[in-house]
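J.: The structure that follows is given in the form of structure tokens.
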Amino acid sequence: MGTRLSSSAVAAYERDGFAFPIRVLSAAEAREVRLRLEGVERLQGGPLRGELRHKAHLVFTWLDRLVRHPVILDAVEAILGANLLCWSSSFFIKEARDPAYVSWHQDATYWGLSQPDIVTAWVAFTDATVENGAMRMVPGSHRAQVPHRDTFAPSNLLSRGQEIAVEVDEGRAVDILLRAGEMSLHHVLMFHSSPPNRSDDRRIGFAVRYIPTSVRQVAGEGDSALLVRGTDGYHHFEPEEPPARDLAPEALARHAAIMKRQAQILYRGTGIDRFK
Ligand code: NI
């Protein structure tokens, strides 16, 4: 049922560092995942905070299904090969008229992964428009790691408020416009950012990070990942398990332990020990 990424889309990804739009969910299915998320938020008494924004596919069955969606995995396989781990996922939610933004950055900077073979599938639960703060990317900027500085700026959605410390040619940036249910793919060294949401509705994106099983975590011990396609002949990551049902206590306990280890890796050297 999935569709392989066309050879021209793979060529675009290699040349530009991104490819979009790719339809994953129908408009009705996109509405359904948004409603499920908002149901969870109502239960929690507000927008997702802290650790539940990350690796939520390990505690919700409907997100486990999404990170294994055949259209996503076929597209990622066309770039990374047939043995795939889901290393992480994060919600990037900007409320209506929210000052939250994401500074120019490269994802690879603090992730501690051994090689830049990481693809992000960014799935739009709502439309992503210029007005609501769609991601922007500079084509071809994914070829080298550049220095970053940490700002810890309060409205910055990134873990350290990190930003690129060299000039970014914003005039060449492309707006990654998506309809709800579509995704973009981007390379882990892509220069990207997103401005605040100036619209009257929320902008919801779910970013899923995929790696081939050959990648290693070199910045800390005990990192883990979920095998979503093929076989893992390397065992570089502790295997993660899908949740038996939504918010199952065993899944929540495993998730809490995993987030603690991942925070130690992502925040290493800062004195911070948990997700903000
Ligand atoms: Ni990013």
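Chain labels run A, B, ... following the order of the structure tokens; each chain numbers its residues from 1, and ligands are numbered from 1 in the order shown.
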Quick one: contact table of chain A to ligand 1, 12 Å max, nearest atom pair and distance in Å to one decimal per residue, counting only C-alpha atoms and all ligand atoms, chain and number order, as JSON lines?
T.:
```
{"residue": "A:Ser89", "atom": "CA", "partner": "ligand 1", "partner_atom_place_in_ligand_line": "1 (Ni)", "distance": 11.2}
{"residue": "A:Ser90", "atom": "CA", "partner": "ligand 1", "partner_atom_place_in_ligand_line": "1 (Ni)", "distance": 9.9}
{"residue": "A:Phe91", "atom": "CA", "partner": "ligand 1", "partner_atom_place_in_ligand_line": "1 (Ni)", "distance": 11.2}
{"residue": "A:Phe92", "atom": "CA", "partner": "ligand 1", "partner_atom_place_in_ligand_line": "1 (Ni)", "distance": 9.6}
{"residue": "A:Tyr101", "atom": "CA", "partner": "ligand 1", "partner_atom_place_in_ligand_line": "1 (Ni)", "distance": 11.2}
{"residue": "A:Val102", "atom": "CA", "partner": "ligand 1", "partner_atom_place_in_ligand_line": "1 (Ni)", "distance": 7.8}
{"residue": "A:Ser103", "atom": "CA", "partner": "ligand 1", "partner_atom_place_in_ligand_line": "1 (Ni)", "distance": 8.8}
{"residue": "A:Trp104", "atom": "CA", "partner": "ligand 1", "partner_atom_place_in_ligand_line": "1 (Ni)", "distance": 8.3}
{"residue": "A:His105", "atom": "CA", "partner": "ligand 1", "partner_atom_place_in_ligand_line": "1 (Ni)", "distance": 6.4}
{"residue": "A:Gln106", "atom": "CA", "partner": "ligand 1", "partner_atom_place_in_ligand_line": "1 (Ni)", "distance": 6.2}
{"residue": "A:Asp107", "atom": "CA", "partner": "ligand 1", "partner_atom_place_in_ligand_line": "1 (Ni)", "distance": 4.7}
{"residue": "A:Ala108", "atom": "CA", "partner": "ligand 1", "partner_atom_place_in_ligand_line": "1 (Ni)", "distance": 8.5}
{"residue": "A:Thr109", "atom": "CA", "partner": "ligand 1", "partner_atom_place_in_ligand_line": "1 (Ni)", "distance": 9.8}
{"residue": "A:Tyr110", "atom": "CA", "partner": "ligand 1", "partner_atom_place_in_ligand_line": "1 (Ni)", "distance": 10.8}
{"residue": "A:Trp111", "atom": "CA", "partner": "ligand 1", "partner_atom_place_in_ligand_line": "1 (Ni)", "distance": 10.8}
{"residue": "A:Ile118", "atom": "CA", "partner": "ligand 1", "partner_atom_place_in_ligand_line": "1 (Ni)", "distance": 11.7}
{"residue": "A:Val119", "atom": "CA", "partner": "ligand 1", "partner_atom_place_in_ligand_line": "1 (Ni)", "distance": 10.9}
{"residue": "A:Thr120", "atom": "CA", "partner": "ligand 1", "partner_atom_place_in_ligand_line": "1 (Ni)", "distance": 8.6}
{"residue": "A:Ala121", "atom": "CA", "partner": "ligand 1", "partner_atom_place_in_ligand_line": "1 (Ni)", "distance": 11.0}
{"residue": "A:Trp122", "atom": "CA", "partner": "ligand 1", "partner_atom_place_in_ligand_line": "1 (Ni)", "distance": 9.8}
{"residue": "A:Met135", "atom": "CA", "partner": "ligand 1", "partner_atom_place_in_ligand_line": "1 (Ni)", "distance": 9.1}
{"residue": "A:Arg136", "atom": "CA", "partner": "ligand 1", "partner_atom_place_in_ligand_line": "1 (Ni)", "distance": 10.4}
{"residue": "A:Met137", "atom": "CA", "partner": "ligand 1", "partner_atom_place_in_ligand_line": "1 (Ni)", "distance": 10.1}
{"residue": "A:Asn156", "atom": "CA", "partner": "ligand 1", "partner_atom_place_in_ligand_line": "1 (Ni)", "distance": 11.5}
{"residue": "A:Leu157", "atom": "CA", "partner": "ligand 1", "partner_atom_place_in_ligand_line": "1 (Ni)", "distance": 9.6}
{"residue": "A:Leu158", "atom": "CA", "partner": "ligand 1", "partner_atom_place_in_ligand_line": "1 (Ni)", "distance": 7.7}
{"residue": "A:Ser159", "atom": "CA", "partner": "ligand 1", "partner_atom_place_in_ligand_line": "1 (Ni)", "distance": 10.2}
{"residue": "A:Arg160", "atom": "CA", "partner": "ligand 1", "partner_atom_place_in_ligand_line": "1 (Ni)", "distance": 11.7}
{"residue": "A:Gly161", "atom": "CA", "partner": "ligand 1", "partner_atom_place_in_ligand_line": "1 (Ni)", "distance": 11.0}
{"residue": "A:Gln162", "atom": "CA", "partner": "ligand 1", "partner_atom_place_in_ligand_line": "1 (Ni)", "distance": 10.0}
{"residue": "A:Glu163", "atom": "CA", "partner": "ligand 1", "partner_atom_place_in_ligand_line": "1 (Ni)", "distance": 10.4}
{"residue": "A:Ile164", "atom": "CA", "partner": "ligand 1", "partner_atom_place_in_ligand_line": "1 (Ni)", "distance": 11.5}
{"residue": "A:Leu185", "atom": "CA", "partner": "ligand 1", "partner_atom_place_in_ligand_line": "1 (Ni)", "distance": 11.4}
{"residue": "A:His186", "atom": "CA", "partner": "ligand 1", "partner_atom_place_in_ligand_line": "1 (Ni)", "distance": 9.0}
{"residue": "A:His187", "atom": "CA", "partner": "ligand 1", "partner_atom_place_in_ligand_line": "1 (Ni)", "distance": 9.6}
{"residue": "A:Val188", "atom": "CA", "partner": "ligand 1", "partner_atom_place_in_ligand_line": "1 (Ni)", "distance": 7.9}
{"residue": "A:Leu189", "atom": "CA", "partner": "ligand 1", "partner_atom_place_in_ligand_line": "1 (Ni)", "distance": 9.1}
{"residue": "A:Met190", "atom": "CA", "partner": "ligand 1", "partner_atom_place_in_ligand_line": "1 (Ni)", "distance": 8.2}
{"residue": "A:Phe191", "atom": "CA", "partner": "ligand 1", "partner_atom_place_in_ligand_line": "1 (Ni)", "distance": 8.3}
{"residue": "A:His192", "atom": "CA", "partner": "ligand 1", "partner_atom_place_in_ligand_line": "1 (Ni)", "distance": 6.4}
{"residue": "A:Ser193", "atom": "CA", "partner": "ligand 1", "partner_atom_place_in_ligand_line": "1 (Ni)", "distance": 7.1}
{"residue": "A:Ser194", "atom": "CA", "partner": "ligand 1", "partner_atom_place_in_ligand_line": "1 (Ni)", "distance": 9.2}
{"residue": "A:Gly205", "atom": "CA", "partner": "ligand 1", "partner_atom_place_in_ligand_line": "1 (Ni)", "distance": 11.6}
{"residue": "A:Phe206", "atom": "CA", "partner": "ligand 1", "partner_atom_place_in_ligand_line": "1 (Ni)", "distance": 11.5}
{"residue": "A:Ala207", "atom": "CA", "partner": "ligand 1", "partner_atom_place_in_ligand_line": "1 (Ni)", "distance": 8.6}
{"residue": "A:Val208", "atom": "CA", "partner": "ligand 1", "partner_atom_place_in_ligand_line": "1 (Ni)", "distance": 10.7}
{"residue": "A:Arg209", "atom": "CA", "partner": "ligand 1", "partner_atom_place_in_ligand_line": "1 (Ni)", "distance": 10.2}
```
J.: May I have all residues of region 13-102 of chain A that DSSP, computed from the backbone, assigns to alpha helix (DSSP H), given as a VMD selection string?
T.: chain A and resid 13 to 16 27 to 44 61 to 67 70 to 80
J.: Could you turn the residues from that selection into a file that holds N, CA and C atoms, as a compact mmCIF listing (two decimals), in the first residue's frame?
T.:
```
# COMPACT_ATOMS: atom_id res chain seq x y z
N TYR A 13 16.17 15.13 -2.63
CA TYR A 13 16.63 15.02 -1.23
C TYR A 13 18.15 15.09 -1.18
N GLU A 14 18.82 14.37 -2.08
CA GLU A 14 20.28 14.37 -2.04
C GLU A 14 20.85 15.73 -2.42
N ARG A 15 20.22 16.40 -3.36
CA ARG A 15 20.71 17.71 -3.81
C ARG A 15 20.39 18.81 -2.78
N ASP A 16 19.13 18.85 -2.32
CA ASP A 16 18.66 19.96 -1.48
C ASP A 16 18.72 19.65 0.01
N ALA A 27 -6.91 13.57 4.58
CA ALA A 27 -7.34 14.70 5.40
C ALA A 27 -8.14 14.20 6.61
N ALA A 28 -8.99 13.19 6.39
CA ALA A 28 -9.82 12.66 7.49
C ALA A 28 -8.93 11.98 8.55
N GLU A 29 -7.93 11.24 8.09
CA GLU A 29 -7.01 10.58 9.05
C GLU A 29 -6.20 11.62 9.82
N ALA A 30 -5.81 12.70 9.15
CA ALA A 30 -5.07 13.76 9.83
C ALA A 30 -5.93 14.40 10.92
N ARG A 31 -7.21 14.61 10.59
CA ARG A 31 -8.12 15.15 11.61
C ARG A 31 -8.23 14.19 12.79
N GLU A 32 -8.25 12.90 12.48
CA GLU A 32 -8.39 11.90 13.54
C GLU A 32 -7.17 11.92 14.48
N VAL A 33 -5.96 12.00 13.93
CA VAL A 33 -4.79 12.02 14.84
C VAL A 33 -4.75 13.32 15.64
N ARG A 34 -5.18 14.41 15.01
CA ARG A 34 -5.24 15.66 15.78
C ARG A 34 -6.23 15.53 16.95
N LEU A 35 -7.41 14.93 16.67
CA LEU A 35 -8.41 14.77 17.73
C LEU A 35 -7.90 13.85 18.83
N ARG A 36 -7.17 12.80 18.45
CA ARG A 36 -6.60 11.91 19.47
C ARG A 36 -5.61 12.67 20.35
N LEU A 37 -4.74 13.45 19.72
CA LEU A 37 -3.78 14.25 20.49
C LEU A 37 -4.53 15.20 21.42
N GLU A 38 -5.55 15.85 20.89
CA GLU A 38 -6.26 16.84 21.71
C GLU A 38 -7.07 16.16 22.82
N GLY A 39 -7.47 14.92 22.59
CA GLY A 39 -8.10 14.14 23.66
C GLY A 39 -7.11 13.89 24.80
N VAL A 40 -5.88 13.55 24.44
CA VAL A 40 -4.83 13.35 25.46
C VAL A 40 -4.57 14.66 26.21
N GLU A 41 -4.51 15.76 25.46
CA GLU A 41 -4.26 17.05 26.11
C GLU A 41 -5.38 17.40 27.09
N ARG A 42 -6.61 17.09 26.72
CA ARG A 42 -7.71 17.36 27.66
C ARG A 42 -7.55 16.54 28.93
N LEU A 43 -7.17 15.26 28.76
CA LEU A 43 -6.95 14.41 29.93
C LEU A 43 -5.86 14.96 30.83
N GLN A 44 -4.82 15.52 30.19
CA GLN A 44 -3.65 16.01 30.94
C GLN A 44 -3.89 17.43 31.47
N THR A 61 -0.59 3.86 21.14
CA THR A 61 -0.63 2.88 20.03
C THR A 61 -0.84 3.58 18.68
N TRP A 62 -1.61 4.67 18.68
CA TRP A 62 -1.90 5.34 17.39
C TRP A 62 -0.67 6.06 16.86
N LEU A 63 0.25 6.45 17.73
CA LEU A 63 1.51 7.02 17.26
C LEU A 63 2.50 5.92 16.89
N ASP A 64 2.43 4.78 17.59
CA ASP A 64 3.24 3.62 17.18
C ASP A 64 2.87 3.24 15.75
N ARG A 65 1.55 3.23 15.45
CA ARG A 65 1.14 2.91 14.07
C ARG A 65 1.68 3.95 13.09
N LEU A 66 1.67 5.21 13.51
CA LEU A 66 2.11 6.27 12.59
C LEU A 66 3.62 6.15 12.29
N VAL A 67 4.44 5.87 13.30
CA VAL A 67 5.89 5.78 13.02
C VAL A 67 6.23 4.55 12.18
N PRO A 70 3.41 2.62 6.34
CA PRO A 70 4.17 2.14 5.17
C PRO A 70 4.61 3.24 4.21
N VAL A 71 3.81 4.29 4.07
CA VAL A 71 4.24 5.37 3.15
C VAL A 71 5.50 6.05 3.69
N ILE A 72 5.54 6.28 5.01
CA ILE A 72 6.73 6.90 5.60
C ILE A 72 7.92 5.95 5.46
N LEU A 73 7.71 4.70 5.85
CA LEU A 73 8.85 3.76 5.86
C LEU A 73 9.35 3.50 4.44
N ASP A 74 8.45 3.42 3.46
CA ASP A 74 8.92 3.22 2.08
C ASP A 74 9.76 4.41 1.62
N ALA A 75 9.32 5.60 1.96
CA ALA A 75 10.07 6.80 1.55
C ALA A 75 11.44 6.84 2.24
N VAL A 76 11.44 6.54 3.54
CA VAL A 76 12.72 6.57 4.29
C VAL A 76 13.64 5.45 3.81
N GLU A 77 13.05 4.30 3.52
CA GLU A 77 13.86 3.18 3.01
C GLU A 77 14.57 3.54 1.70
N ALA A 78 13.89 4.34 0.86
CA ALA A 78 14.50 4.73 -0.41
C ALA A 78 15.78 5.55 -0.18
N ILE A 79 15.89 6.17 0.99
CA ILE A 79 17.07 6.99 1.31
C ILE A 79 18.06 6.24 2.18
N LEU A 80 17.56 5.51 3.20
CA LEU A 80 18.46 4.94 4.22
C LEU A 80 18.63 3.42 4.12
```
J.: Find the distance between CA of Pro47 (chain A) and CA of Pro249 (chain A) and write it in Å to one decimal.
T.: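 Distance reported for this atom pair: 20.9 Å.
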J.: Taking only C-alpha atoms into account, which of A:Arg4, A:His235, A:His148, A:Arg245 comes nearest Val168 (chain A)?
T.: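 Among the listed residues, A:His148 lies closest to Val168 (chain A).
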J.: Here is a test: counting only C-alpha atoms, which residue of A:Gln264, A:Ser26, A:Asn197, A:Asn83 is nearest to Glu131 (chain A)?
T.: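 Closest to Glu131 (chain A) of all the choices is A:Asn197.
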